[in-house]
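Asks: Below you'll find the structure I mean.
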Amino acid sequence: MGLGLAIDYSLFVVSRFREELHAGHSTEVAVRRTVSTAGRTVVFSAVTVAASLLALLVFPLAFLRSFAYGGISVVLMAATVSVVVLPALLRALGPRVDRLSIRKLQPKPVGTGFWYRMAKFVMARPLPIISAGVALLLFLGAPFLGIEFGLPDDRMLPKGNPARVAAGEIRENFLSNEASPISVVAGDVGTDPQALAPEVDRLALDLSEIGGVTRVDAMTGYYAHGKALIRPGDSKRFSNDKGLWLSVVADVEPLSPEGEALVREVRQVAAEFGYPVDVGGAAADLLDSKETLFRRAPLAGLIIGVVTFVVLFLMFGSLLVPAKAVLLNLLSLSATFGALVWIFQEGHFAGVLGFTPTGMTDTMMPVLLFCVAFGLSMDYEVFLLSRIKEEHDNGADTINSVAVGLERTGRIVTAAAALIAVVFLAFSTSGITHVKVFGIGLALAVVLDATLIRATLVPAFMRLAGNANWWAPAPLRRIHERFGISEHVELEPVSAAAGPSGSVLPSPVPADEVIDLRQGAIDLVVAALHANELSGPTHRPIKYSERYKRSILAQLDLCSNDRQALLLLEQENLTTEHALRWKRALANSA
């Protein structure tokens with residue numbers, strides 16, 4: 001997870017730095033703007049991931065707590081390096097950050113990329129896409145309704161492993177229930193255990209009468225079906241100078257609902273012994289683990305939900321955006337859990353993946369996967385929403401802010417998701433089954449979130465909500481204005497004296513020469529067409545094309561004010577005389 005998050009955060013920061021450089025900013029300005037925008041998003045993303053892992057600490061199980069401690073450490077380390085060390089490296093590299101690029105591609109104009117077109121396609125038909133997407137997620141999650149919880153046994157090991165071979169021989173050729181008895185322990189009776197022989201005899205007789213119990217072994221002898229079989233009187237292995245214990249052998253599978261029910265009955269009978277008694281064994285371990293997890297799960301879910309909601313509200317100042325993010329993540333995770341039950345519990349693809357299905361799912365795995373996958377899924381959600389909010393703060397309407405935000409993050413999030421999915425899929429090569437479950441489960445969660453959720457459901461839901469995406473009641477709005485952190489960053493002043501390539505612009509013209517935005521765009525493109533050249537980001541003339549003309553016009557249509565139009569022209573480095581005059585006029589008006 002540390003490797004995956006480090007890659008995610010680094011890609012996001014480097015991409016924003018390159019974007020700022022291509023917009024004509026100096027290295028220092030580009031670094032400041034990158035840290036103020038992408039760096040801020042990385043910090044908030046790390047907080048949401050850490051909060052999800054923090055919920056594991058509510059479970060009194062060392063296995064889950066260890067993941068919380070390790071996971072939170074690597075998340076904080078990845079975020080710190082991304083916002084402290086990486087910006088310093090980018091400042092040292094400056095424009096040389098692109099020097100070793102294998103493919104020298106010009107950045108595509110905003111509004112022409114695949115993700116932009118995808119967003120527009122989705123937002124043109126939100127209801128059918130939401131219906132189809134939610135139906136697909138519910139279909140994938142349906143097998144989770146049939147989950148059977150259990151604990152891992154020897155079958156989680158690879159075939160041929162000596163421990164698994166020995167356990168398999170016992171299970172298939174011998175009475176394996178002898179190997180997993182229920183232990184009834186009175187650890188401190190406060191007197192000589194031998195003096196309690198009558199009480200032990202009575203307890204053993206009562207335990208032997210429970211349905212499913214085949215034999216009870218105690219210091220007073222061996223019992224079955226309410227009768228004493230042997231009374232050796234010297235069975236010292238069941239007692240010492242402090243306490244005593246009894247072994248209850250049953251004819252039911254310990255790791256099963258029947259085994260759990262038997263433990264409950266044994267505890268009821270043992271409670272009448274007169275001294276504090278503890279009941280252990282494999283069946284008791286399964287029962288107690290499930291009850292502990294189920295009892296603490298609502299608290300863990302509440303912690304994740306509240307912290308995530310508060311963090312997203314502080315970022316976006318909205319009630320609907322955090323609620324939508326949490327809901328979509330829950331849908332995505334339900335689909336992931338359903339797929340895992342279908343694969344590992346029911347045994348599909350067992351031959352391909354190389355595991356032995358047991359008809360059960362490890363009790364702790366869903367909890368662990370939920371906390372880790374929820375944080376990772378929210379990671380991409382924050383990346384996307386931060387760019388959408390930035391476009392919205394710059395004056396774009398809901399449709400255009402969503403489309404441009406998705407286009408700005410589409411390639412980066414897709415690449416990051418692919419890389420982290422590869423990291424997790426490497427776990428599937430392990431010979432241990434629950435390690436396979438962990439790796440494949442997280443990879444599925446990341447892929448679902450980066451494709452179905454981010455590319456279709458998020459734009460569709462935001463299109464339906466419209467301006468309500470950014471609504472909050474007045475009291476909460478005041479809280480956000482006072483304590484929230486906006487994604488919007490004030491633009492660096494643009495000098496009217498120099499163009500993006502350092503060329504000196506003509507002297508300012510009166511403000512009344514500022515022309516209508518749309519007409520100015522048309523005049524600009526016509527002038528560039530007559531000049532038959534444009535200067536791209538590398539300041540090399542390129543042949544003008546009708547396709548590029550349409551692209552510029554489409555982008556200018558998205559601009560809601562002259563300041564945005566000026567930045568667009570600076571980014572495109574349009575250097576014809578007419579373009580310079582128009583940029584000069586826009587600079588005066590801005």
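As shown in the structure tokens, the chain order sets the letters A, B, ...; within each chain, residues go from 1, and ligands are also counted from 1 in the order they appear.
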Please report as a tab-separated table every residue of stretch 62-162 of chain A lying within 9 Å of stretch 330-338 of chain A, along with the nearest atom pair and their distance in Å (one decimal), using only C-alpha atoms.
Replies:
residue	atom	partner	partner_atom	distance
A:Val134	CA	A:Leu331	CA	7.7
A:Leu136	CA	A:Ala335	CA	8.4
A:Leu137	CA	A:Ala335	CA	5.2
A:Leu138	CA	A:Ala335	CA	6.5
A:Phe139	CA	A:Ala335	CA	7.5
A:Leu140	CA	A:Ala335	CA	4.7
A:Gly141	CA	A:Ala335	CA	3.8
A:Ala142	CA	A:Gly338	CA	5.8
A:Pro143	CA	A:Gly338	CA	4.7
A:Phe144	CA	A:Gly338	CA	4.2
A:Leu145	CA	A:Gly338	CA	7.8
A:Gly146	CA	A:Gly338	CA	8.9
A:Ile147	CA	A:Gly338	CA	8.5
Asks: For A:Val372, list every protein, DNA or RNA residue within 10 Å, evaluated using only C-alpha atoms, and leave out those in the same chain fewer than 3 positions away; present the list as a list in words.
Replies: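 Those residues are Met1, Val49, Ala50, Ala51, Ser52, Leu53, Leu54, Ala55, Leu56, Phe67, Ala68, Gly71, Pro366, Val367, Leu368, Leu369, Gly375, Leu376, Ser377, Phe438, Leu442 and Ala445 of chain A.
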Asks: State, in Å with one decimal place, the distance from atom CA of A:Glu291 to atom CA of A:Ala62.
Replies: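 Calculated distance between atom CA of A:Glu291 and atom CA of A:Ala62 is 15.8 Å.
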Asks: I'd like the neighbourhood of stretch 179-183 of chain A as a short mmCIF file (atom, residue, chain, number, x, y, z; two decimals) with all heavy atoms, in the first residue's frame, where a residue qualifies if any of its atoms comes within 12 Å (using only C-alpha atoms), though same-chain residues fewer than 5 positions away should be ignored.
Replies:
data_model
loop_
_atom_site.label_atom_id
_atom_site.label_comp_id
_atom_site.auth_asym_id
_atom_site.auth_seq_id
_atom_site.Cartn_x
_atom_site.Cartn_y
_atom_site.Cartn_z
N ASP A 153 -7.65 -22.59 7.93
CA ASP A 153 -7.07 -23.82 8.43
C ASP A 153 -5.92 -24.23 7.52
O ASP A 153 -5.41 -23.42 6.74
CB ASP A 153 -8.13 -24.91 8.57
CG ASP A 153 -8.83 -25.21 7.25
OD1 ASP A 153 -8.29 -24.85 6.18
OD2 ASP A 153 -9.93 -25.79 7.28
N ALA A 167 -2.17 -32.59 8.20
CA ALA A 167 -3.52 -32.27 8.66
C ALA A 167 -4.57 -32.93 7.78
O ALA A 167 -5.62 -33.37 8.27
CB ALA A 167 -3.72 -30.75 8.68
N ILE A 170 -5.01 -36.59 8.78
CA ILE A 170 -5.80 -36.73 10.01
C ILE A 170 -7.28 -36.49 9.71
O ILE A 170 -8.15 -37.24 10.19
CB ILE A 170 -5.29 -35.75 11.08
CG1 ILE A 170 -3.89 -36.14 11.52
CG2 ILE A 170 -6.25 -35.70 12.26
CD1 ILE A 170 -3.27 -35.16 12.51
N ARG A 171 -7.56 -35.48 8.91
CA ARG A 171 -8.96 -35.15 8.63
C ARG A 171 -9.65 -36.25 7.83
O ARG A 171 -10.84 -36.53 8.05
CB ARG A 171 -9.02 -33.82 7.87
CG ARG A 171 -10.44 -33.37 7.54
CD ARG A 171 -10.49 -31.94 7.00
NE ARG A 171 -9.56 -31.71 5.93
CZ ARG A 171 -8.45 -30.96 6.03
NH1 ARG A 171 -8.17 -30.36 7.17
NH2 ARG A 171 -7.64 -30.81 5.01
N PHE A 174 -8.68 -40.24 9.99
CA PHE A 174 -8.81 -40.45 11.43
C PHE A 174 -9.95 -39.58 11.96
O PHE A 174 -10.51 -38.75 11.25
CB PHE A 174 -7.50 -40.11 12.15
CG PHE A 174 -6.33 -40.93 11.69
CD1 PHE A 174 -5.50 -40.48 10.67
CD2 PHE A 174 -6.07 -42.16 12.27
CE1 PHE A 174 -4.43 -41.24 10.24
CE2 PHE A 174 -4.99 -42.93 11.84
CZ PHE A 174 -4.17 -42.47 10.83
N ALA A 204 -18.37 -32.60 34.59
CA ALA A 204 -18.05 -33.46 33.46
C ALA A 204 -19.28 -34.27 33.02
O ALA A 204 -19.53 -34.46 31.82
CB ALA A 204 -16.90 -34.39 33.81
N LEU A 207 -21.62 -31.91 31.15
CA LEU A 207 -21.11 -31.58 29.81
C LEU A 207 -21.28 -32.75 28.85
O LEU A 207 -21.57 -32.56 27.66
CB LEU A 207 -19.63 -31.19 29.89
CG LEU A 207 -19.31 -29.85 30.58
CD1 LEU A 207 -17.80 -29.67 30.72
CD2 LEU A 207 -19.90 -28.68 29.78
N GLY A 212 -24.18 -33.66 20.74
CA GLY A 212 -23.01 -33.40 19.92
C GLY A 212 -21.71 -33.67 20.62
O GLY A 212 -20.65 -33.74 19.98
N VAL A 213 -21.73 -33.85 21.96
CA VAL A 213 -20.51 -34.15 22.73
C VAL A 213 -20.34 -35.67 22.79
O VAL A 213 -21.26 -36.39 23.22
CB VAL A 213 -20.58 -33.56 24.15
CG1 VAL A 213 -19.38 -34.02 24.98
CG2 VAL A 213 -20.64 -32.04 24.08
N THR A 214 -19.21 -36.15 22.36
CA THR A 214 -18.97 -37.60 22.36
C THR A 214 -18.21 -38.06 23.61
O THR A 214 -18.36 -39.20 24.05
CB THR A 214 -18.16 -38.01 21.12
OG1 THR A 214 -16.92 -37.27 21.11
CG2 THR A 214 -18.94 -37.70 19.85
N ARG A 215 -17.39 -37.16 24.18
CA ARG A 215 -16.62 -37.57 25.36
C ARG A 215 -16.12 -36.33 26.08
O ARG A 215 -15.83 -35.30 25.47
CB ARG A 215 -15.43 -38.44 24.95
CG ARG A 215 -14.77 -39.16 26.12
CD ARG A 215 -13.60 -40.04 25.69
NE ARG A 215 -12.42 -39.23 25.37
CZ ARG A 215 -11.94 -39.06 24.15
NH1 ARG A 215 -12.58 -39.60 23.11
NH2 ARG A 215 -10.86 -38.33 23.96
N VAL A 216 -15.99 -36.45 27.40
CA VAL A 216 -15.39 -35.39 28.22
C VAL A 216 -14.26 -36.02 29.03
O VAL A 216 -14.46 -37.03 29.72
CB VAL A 216 -16.43 -34.75 29.17
CG1 VAL A 216 -15.75 -33.71 30.06
CG2 VAL A 216 -17.55 -34.11 28.38
N ASP A 217 -13.06 -35.43 28.93
CA ASP A 217 -11.91 -35.91 29.68
C ASP A 217 -11.61 -34.91 30.79
O ASP A 217 -11.54 -33.70 30.55
CB ASP A 217 -10.69 -36.03 28.76
CG ASP A 217 -10.96 -36.94 27.57
OD1 ASP A 217 -11.88 -37.77 27.67
OD2 ASP A 217 -10.27 -36.79 26.55
N ALA A 218 -11.42 -35.42 32.01
CA ALA A 218 -11.15 -34.56 33.16
C ALA A 218 -10.21 -35.28 34.11
O ALA A 218 -9.84 -36.44 33.91
CB ALA A 218 -12.45 -34.18 33.87
N PHE A 238 -4.66 -32.90 33.77
CA PHE A 238 -5.80 -32.00 33.74
C PHE A 238 -5.84 -31.05 34.93
O PHE A 238 -6.82 -30.33 35.13
CB PHE A 238 -7.11 -32.80 33.71
CG PHE A 238 -7.33 -33.51 32.40
CD1 PHE A 238 -7.17 -34.89 32.33
CD2 PHE A 238 -7.66 -32.80 31.26
CE1 PHE A 238 -7.36 -35.55 31.12
CE2 PHE A 238 -7.85 -33.47 30.05
CZ PHE A 238 -7.70 -34.84 29.98
N LEU A 244 -7.47 -26.16 36.95
CA LEU A 244 -7.79 -27.41 36.27
C LEU A 244 -8.49 -27.11 34.94
O LEU A 244 -8.92 -25.98 34.69
CB LEU A 244 -8.69 -28.28 37.17
CG LEU A 244 -9.99 -27.60 37.65
CD1 LEU A 244 -11.15 -27.90 36.73
CD2 LEU A 244 -10.31 -28.09 39.07
N TRP A 245 -8.59 -28.13 34.11
CA TRP A 245 -9.31 -27.97 32.86
C TRP A 245 -9.91 -29.28 32.42
O TRP A 245 -9.51 -30.35 32.87
CB TRP A 245 -8.41 -27.40 31.76
CG TRP A 245 -7.31 -28.33 31.28
CD1 TRP A 245 -6.17 -28.66 31.94
CD2 TRP A 245 -7.28 -29.05 30.04
NE1 TRP A 245 -5.41 -29.53 31.21
CE2 TRP A 245 -6.07 -29.78 30.02
CE3 TRP A 245 -8.14 -29.15 28.96
CZ2 TRP A 245 -5.70 -30.60 28.96
CZ3 TRP A 245 -7.77 -29.96 27.88
CH2 TRP A 245 -6.57 -30.67 27.90
N LEU A 246 -10.91 -29.19 31.51
CA LEU A 246 -11.59 -30.36 30.97
C LEU A 246 -11.55 -30.27 29.45
O LEU A 246 -11.63 -29.16 28.88
CB LEU A 246 -13.05 -30.45 31.44
CG LEU A 246 -13.32 -30.57 32.94
CD1 LEU A 246 -13.34 -29.18 33.59
CD2 LEU A 246 -14.65 -31.30 33.18
N SER A 247 -11.45 -31.40 28.78
CA SER A 247 -11.45 -31.48 27.33
C SER A 247 -12.77 -32.07 26.86
O SER A 247 -13.13 -33.20 27.23
CB SER A 247 -10.28 -32.34 26.84
OG SER A 247 -10.33 -32.48 25.43
N VAL A 248 -13.49 -31.24 26.04
CA VAL A 248 -14.80 -31.68 25.53
C VAL A 248 -14.64 -32.02 24.05
O VAL A 248 -14.42 -31.15 23.21
CB VAL A 248 -15.85 -30.57 25.72
CG1 VAL A 248 -17.20 -31.03 25.18
CG2 VAL A 248 -15.96 -30.19 27.19
N VAL A 249 -14.75 -33.31 23.72
CA VAL A 249 -14.61 -33.78 22.34
C VAL A 249 -16.01 -33.89 21.72
O VAL A 249 -16.91 -34.50 22.33
CB VAL A 249 -13.89 -35.13 22.28
CG1 VAL A 249 -13.76 -35.60 20.83
CG2 VAL A 249 -12.52 -35.03 22.94
N ALA A 250 -16.19 -33.31 20.55
CA ALA A 250 -17.51 -33.28 19.91
C ALA A 250 -17.47 -33.99 18.57
O ALA A 250 -16.40 -34.26 18.01
CB ALA A 250 -17.97 -31.83 19.72
N ASP A 251 -18.65 -34.31 18.06
CA ASP A 251 -18.73 -34.96 16.76
C ASP A 251 -19.19 -33.99 15.66
O ASP A 251 -19.67 -34.40 14.61
CB ASP A 251 -19.67 -36.16 16.80
CG ASP A 251 -21.10 -35.76 17.19
OD1 ASP A 251 -21.34 -34.55 17.41
OD2 ASP A 251 -21.96 -36.65 17.29
N VAL A 252 -19.05 -32.68 15.91
CA VAL A 252 -19.40 -31.68 14.90
C VAL A 252 -18.12 -30.97 14.47
O VAL A 252 -17.11 -30.94 15.18
CB VAL A 252 -20.41 -30.65 15.46
CG1 VAL A 252 -21.69 -31.34 15.89
CG2 VAL A 252 -19.81 -29.87 16.63
N GLU A 253 -18.17 -30.41 13.26
CA GLU A 253 -17.03 -29.64 12.75
C GLU A 253 -16.85 -28.40 13.60
O GLU A 253 -17.78 -27.60 13.76
CB GLU A 253 -17.27 -29.25 11.29
CG GLU A 253 -16.25 -28.30 10.71
CD GLU A 253 -14.85 -28.86 10.70
OE1 GLU A 253 -14.70 -30.08 10.46
OE2 GLU A 253 -13.91 -28.07 10.94
N PRO A 254 -15.65 -28.19 14.19
CA PRO A 254 -15.47 -27.02 15.07
C PRO A 254 -15.73 -25.70 14.37
O PRO A 254 -16.39 -24.82 14.93
CB PRO A 254 -14.00 -27.15 15.51
CG PRO A 254 -13.68 -28.59 15.35
CD PRO A 254 -14.47 -29.06 14.17
N LEU A 255 -15.20 -25.51 13.16
CA LEU A 255 -15.35 -24.26 12.44
C LEU A 255 -16.62 -24.29 11.60
O LEU A 255 -16.60 -24.34 10.37
CB LEU A 255 -14.12 -24.00 11.56
CG LEU A 255 -12.78 -23.96 12.29
CD1 LEU A 255 -11.65 -23.68 11.32
CD2 LEU A 255 -12.80 -22.93 13.41
N GLY A 259 -20.62 -25.96 15.47
CA GLY A 259 -19.57 -25.83 16.48
C GLY A 259 -19.78 -24.60 17.35
O GLY A 259 -19.56 -24.64 18.57
N GLU A 260 -20.22 -23.49 16.74
CA GLU A 260 -20.49 -22.28 17.52
C GLU A 260 -21.64 -22.50 18.50
O GLU A 260 -21.59 -22.07 19.65
CB GLU A 260 -20.81 -21.12 16.57
CG GLU A 260 -19.66 -20.71 15.66
CD GLU A 260 -20.07 -19.61 14.71
OE1 GLU A 260 -20.52 -18.55 15.19
OE2 GLU A 260 -19.94 -19.79 13.48
N LEU A 262 -22.56 -25.28 19.82
CA LEU A 262 -22.09 -26.17 20.88
C LEU A 262 -21.31 -25.39 21.94
O LEU A 262 -21.45 -25.63 23.14
CB LEU A 262 -21.24 -27.28 20.29
CG LEU A 262 -20.70 -28.32 21.29
CD1 LEU A 262 -21.85 -29.01 22.01
CD2 LEU A 262 -19.82 -29.34 20.57
N VAL A 263 -20.48 -24.45 21.50
CA VAL A 263 -19.71 -23.63 22.46
C VAL A 263 -20.66 -22.86 23.37
O VAL A 263 -20.43 -22.76 24.60
CB VAL A 263 -18.78 -22.67 21.71
CG1 VAL A 263 -18.17 -21.64 22.67
CG2 VAL A 263 -17.67 -23.44 21.01
N ARG A 264 -21.73 -22.33 22.83
CA ARG A 264 -22.69 -21.58 23.66
C ARG A 264 -23.30 -22.48 24.73
O ARG A 264 -23.46 -22.07 25.90
CB ARG A 264 -23.78 -20.98 22.77
CG ARG A 264 -23.29 -19.89 21.82
CD ARG A 264 -24.48 -19.20 21.14
NE ARG A 264 -24.03 -18.15 20.23
CZ ARG A 264 -23.85 -18.32 18.93
NH1 ARG A 264 -24.07 -19.52 18.37
NH2 ARG A 264 -23.44 -17.32 18.18
N GLU A 265 -23.65 -23.71 24.35
CA GLU A 265 -24.23 -24.63 25.33
C GLU A 265 -23.21 -25.00 26.40
O GLU A 265 -23.54 -25.09 27.59
CB GLU A 265 -24.74 -25.88 24.63
CG GLU A 265 -25.97 -25.66 23.76
CD GLU A 265 -26.55 -26.98 23.29
OE1 GLU A 265 -26.95 -27.79 24.15
OE2 GLU A 265 -26.59 -27.20 22.06
N VAL A 266 -21.98 -25.26 25.98
CA VAL A 266 -20.93 -25.62 26.94
C VAL A 266 -20.73 -24.48 27.93
O VAL A 266 -20.56 -24.71 29.14
CB VAL A 266 -19.62 -25.95 26.20
CG1 VAL A 266 -18.45 -26.04 27.17
CG2 VAL A 266 -19.76 -27.27 25.44
N ARG A 267 -20.76 -23.25 27.47
CA ARG A 267 -20.57 -22.11 28.37
C ARG A 267 -21.73 -21.98 29.36
O ARG A 267 -21.52 -21.60 30.52
CB ARG A 267 -20.41 -20.83 27.54
CG ARG A 267 -19.03 -20.72 26.91
CD ARG A 267 -18.89 -19.52 26.02
NE ARG A 267 -17.50 -19.35 25.61
CZ ARG A 267 -17.07 -18.53 24.64
NH1 ARG A 267 -17.97 -17.79 23.98
NH2 ARG A 267 -15.80 -18.44 24.37
N ALA A 270 -21.06 -24.73 31.93
CA ALA A 270 -19.86 -24.48 32.72
C ALA A 270 -20.04 -23.32 33.69
O ALA A 270 -19.34 -23.23 34.71
CB ALA A 270 -18.68 -24.20 31.78
N VAL A 277 -14.85 -19.66 34.92
CA VAL A 277 -14.49 -20.65 33.90
C VAL A 277 -14.39 -19.96 32.54
O VAL A 277 -15.22 -19.12 32.20
CB VAL A 277 -15.53 -21.79 33.83
CG1 VAL A 277 -15.23 -22.72 32.67
CG2 VAL A 277 -15.55 -22.54 35.14
N ASP A 278 -13.36 -20.31 31.77
CA ASP A 278 -13.19 -19.83 30.40
C ASP A 278 -13.29 -21.02 29.45
O ASP A 278 -12.82 -22.13 29.77
CB ASP A 278 -11.85 -19.14 30.21
CG ASP A 278 -11.73 -17.87 31.04
OD1 ASP A 278 -12.64 -17.02 30.94
OD2 ASP A 278 -10.74 -17.72 31.78
N VAL A 279 -13.90 -20.80 28.29
CA VAL A 279 -14.07 -21.85 27.29
C VAL A 279 -13.31 -21.45 26.04
O VAL A 279 -13.53 -20.36 25.49
CB VAL A 279 -15.56 -22.08 26.97
CG1 VAL A 279 -15.72 -23.12 25.87
CG2 VAL A 279 -16.31 -22.49 28.23
N GLY A 280 -12.40 -22.31 25.59
CA GLY A 280 -11.59 -22.01 24.42
C GLY A 280 -11.62 -23.13 23.41
O GLY A 280 -12.45 -24.04 23.48
N GLY A 281 -10.71 -23.06 22.43
CA GLY A 281 -10.68 -24.01 21.33
C GLY A 281 -10.99 -23.34 20.01
O GLY A 281 -11.33 -22.15 19.96
N ALA A 282 -10.90 -24.09 18.93
CA ALA A 282 -11.10 -23.53 17.59
C ALA A 282 -12.51 -22.99 17.41
O ALA A 282 -12.71 -21.89 16.87
CB ALA A 282 -10.79 -24.58 16.53
N ALA A 283 -13.51 -23.74 17.86
CA ALA A 283 -14.90 -23.30 17.71
C ALA A 283 -15.15 -22.03 18.53
O ALA A 283 -15.83 -21.10 18.07
CB ALA A 283 -15.86 -24.41 18.13
N ALA A 284 -14.61 -21.97 19.76
CA ALA A 284 -14.77 -20.78 20.59
C ALA A 284 -14.04 -19.60 19.98
O ALA A 284 -14.51 -18.45 20.06
CB ALA A 284 -14.26 -21.06 21.99
N ASP A 285 -12.89 -19.85 19.38
CA ASP A 285 -12.13 -18.78 18.71
C ASP A 285 -12.95 -18.17 17.58
O ASP A 285 -13.03 -16.94 17.44
CB ASP A 285 -10.82 -19.36 18.17
CG ASP A 285 -9.88 -18.28 17.69
OD1 ASP A 285 -10.14 -17.08 17.93
OD2 ASP A 285 -8.86 -18.62 17.04
N LEU A 286 -13.59 -19.02 16.78
CA LEU A 286 -14.42 -18.53 15.69
C LEU A 286 -15.61 -17.73 16.23
O LEU A 286 -15.90 -16.63 15.75
CB LEU A 286 -14.93 -19.71 14.85
CG LEU A 286 -15.96 -19.37 13.76
CD1 LEU A 286 -15.38 -18.39 12.74
CD2 LEU A 286 -16.44 -20.65 13.07
#
Asks: Would you kindly return, as a PyMOL selection string, each protein, DNA or RNA residue with an atom no farther than 10 Å from any atom of stretch 124-131 of chain A, considering only C-alpha atoms and excluding same-chain residues fewer than 4 positions away?
Replies: chain A and resi 118-120+135-136+399+453+456-464
Asks: Hey, what's within 8 Å of stretch 299-312 of chain A if we count only C-alpha atoms and toss same-chain stuff fewer than 6 positions away? As number ranges by chain, please?
Replies: A: 44, 47-48, 51-52, 55-56, 58, 318, 321-323, 326, 371, 382
Asks: Based on the selection just made, write N, CA and C atoms of those residues as a PDB file, in the first residue's frame.
Replies:
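The file below, out29.pdb, is the result:
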ATOM      1  N   PHE A  44      -5.144  15.943   2.047  1.00  0.00           N
ATOM      2  CA  PHE A  44      -6.510  15.556   2.401  1.00  0.00           C
ATOM      3  C   PHE A  44      -6.766  14.094   2.053  1.00  0.00           C
ATOM      4  N   VAL A  47      -5.282  11.967   4.712  1.00  0.00           N
ATOM      5  CA  VAL A  47      -6.090  11.993   5.931  1.00  0.00           C
ATOM      6  C   VAL A  47      -7.256  11.006   5.826  1.00  0.00           C
ATOM      7  N   THR A  48      -7.905  10.958   4.666  1.00  0.00           N
ATOM      8  CA  THR A  48      -9.037  10.036   4.508  1.00  0.00           C
ATOM      9  C   THR A  48      -8.571   8.581   4.552  1.00  0.00           C
ATOM     10  N   ALA A  51      -7.661   7.780   8.136  1.00  0.00           N
ATOM     11  CA  ALA A  51      -8.868   7.650   8.959  1.00  0.00           C
ATOM     12  C   ALA A  51      -9.507   6.283   8.770  1.00  0.00           C
ATOM     13  N   SER A  52      -9.502   5.789   7.540  1.00  0.00           N
ATOM     14  CA  SER A  52     -10.063   4.462   7.290  1.00  0.00           C
ATOM     15  C   SER A  52      -9.265   3.388   8.018  1.00  0.00           C
ATOM     16  N   ALA A  55      -9.747   3.156  11.883  1.00  0.00           N
ATOM     17  CA  ALA A  55     -10.906   2.405  12.370  1.00  0.00           C
ATOM     18  C   ALA A  55     -10.542   0.979  12.764  1.00  0.00           C
ATOM     19  N   LEU A  56      -9.434   0.443  12.247  1.00  0.00           N
ATOM     20  CA  LEU A  56      -9.026  -0.914  12.615  1.00  0.00           C
ATOM     21  C   LEU A  56      -8.617  -1.005  14.078  1.00  0.00           C
ATOM     22  N   VAL A  58     -10.209  -0.040  16.610  1.00  0.00           N
ATOM     23  CA  VAL A  58     -11.333  -0.307  17.526  1.00  0.00           C
ATOM     24  C   VAL A  58     -11.515  -1.794  17.755  1.00  0.00           C
ATOM     25  N   SER A 318     -19.641  21.258   0.901  1.00  0.00           N
ATOM     26  CA  SER A 318     -20.898  20.712   0.388  1.00  0.00           C
ATOM     27  C   SER A 318     -21.344  19.549   1.252  1.00  0.00           C
ATOM     28  N   VAL A 321     -21.798  16.288  -1.913  1.00  0.00           N
ATOM     29  CA  VAL A 321     -20.591  15.669  -2.456  1.00  0.00           C
ATOM     30  C   VAL A 321     -20.029  14.608  -1.511  1.00  0.00           C
ATOM     31  N   PRO A 322     -19.847  14.879  -0.205  1.00  0.00           N
ATOM     32  CA  PRO A 322     -19.373  13.814   0.687  1.00  0.00           C
ATOM     33  C   PRO A 322     -20.348  12.638   0.791  1.00  0.00           C
ATOM     34  N   ALA A 323     -21.647  12.926   0.854  1.00  0.00           N
ATOM     35  CA  ALA A 323     -22.623  11.840   0.952  1.00  0.00           C
ATOM     36  C   ALA A 323     -22.574  10.953  -0.287  1.00  0.00           C
ATOM     37  N   VAL A 326     -19.356   8.737  -0.200  1.00  0.00           N
ATOM     38  CA  VAL A 326     -19.458   7.603   0.719  1.00  0.00           C
ATOM     39  C   VAL A 326     -20.390   6.536   0.156  1.00  0.00           C
ATOM     40  N   CYS A 371     -11.694  -1.457   5.344  1.00  0.00           N
ATOM     41  CA  CYS A 371     -10.982  -0.272   5.817  1.00  0.00           C
ATOM     42  C   CYS A 371      -9.912   0.172   4.836  1.00  0.00           C
ATOM     43  N   VAL A 382     -11.078  11.935  -4.128  1.00  0.00           N
ATOM     44  CA  VAL A 382     -10.569  13.252  -3.752  1.00  0.00           C
ATOM     45  C   VAL A 382      -9.811  13.888  -4.913  1.00  0.00           C
TER      46      VAL A 382
END
Asks: From stretch 126-197 of chain A, collect each residue whose DSSP state is strand (DSSP E) and return the set as a PyMOL selection string.
Replies: chain A and resi 149-150+182-186
Asks: The selected residues should be written to file as an mmCIF file, in the first residue's frame (atoms: N, CA and C atoms).
Replies:
data_model
loop_
_atom_site.group_PDB
_atom_site.id
_atom_site.type_symbol
_atom_site.label_atom_id
_atom_site.label_comp_id
_atom_site.auth_asym_id
_atom_site.auth_seq_id
_atom_site.Cartn_x
_atom_site.Cartn_y
_atom_site.Cartn_z
ATOM 1 N N PHE A 149 -18.784 -17.122 7.409
ATOM 2 C CA PHE A 149 -17.532 -16.747 8.050
ATOM 3 C C PHE A 149 -16.871 -17.955 8.688
ATOM 4 N N GLY A 150 -15.548 -17.971 8.633
ATOM 5 C CA GLY A 150 -14.783 -19.041 9.247
ATOM 6 C C GLY A 150 -13.373 -18.569 9.542
ATOM 7 N N ILE A 182 -13.011 -28.745 22.658
ATOM 8 C CA ILE A 182 -13.362 -27.511 23.366
ATOM 9 C C ILE A 182 -12.744 -27.606 24.752
ATOM 10 N N SER A 183 -11.991 -26.602 25.137
ATOM 11 C CA SER A 183 -11.303 -26.611 26.431
ATOM 12 C C SER A 183 -12.090 -25.784 27.438
ATOM 13 N N VAL A 184 -12.398 -26.383 28.581
ATOM 14 C CA VAL A 184 -13.076 -25.692 29.680
ATOM 15 C C VAL A 184 -12.045 -25.533 30.793
ATOM 16 N N VAL A 185 -11.661 -24.278 31.075
ATOM 17 C CA VAL A 185 -10.520 -24.021 31.958
ATOM 18 C C VAL A 185 -10.963 -23.196 33.156
ATOM 19 N N ALA A 186 -10.627 -23.685 34.361
ATOM 20 C CA ALA A 186 -10.763 -22.915 35.596
ATOM 21 C C ALA A 186 -9.336 -22.610 36.048
#
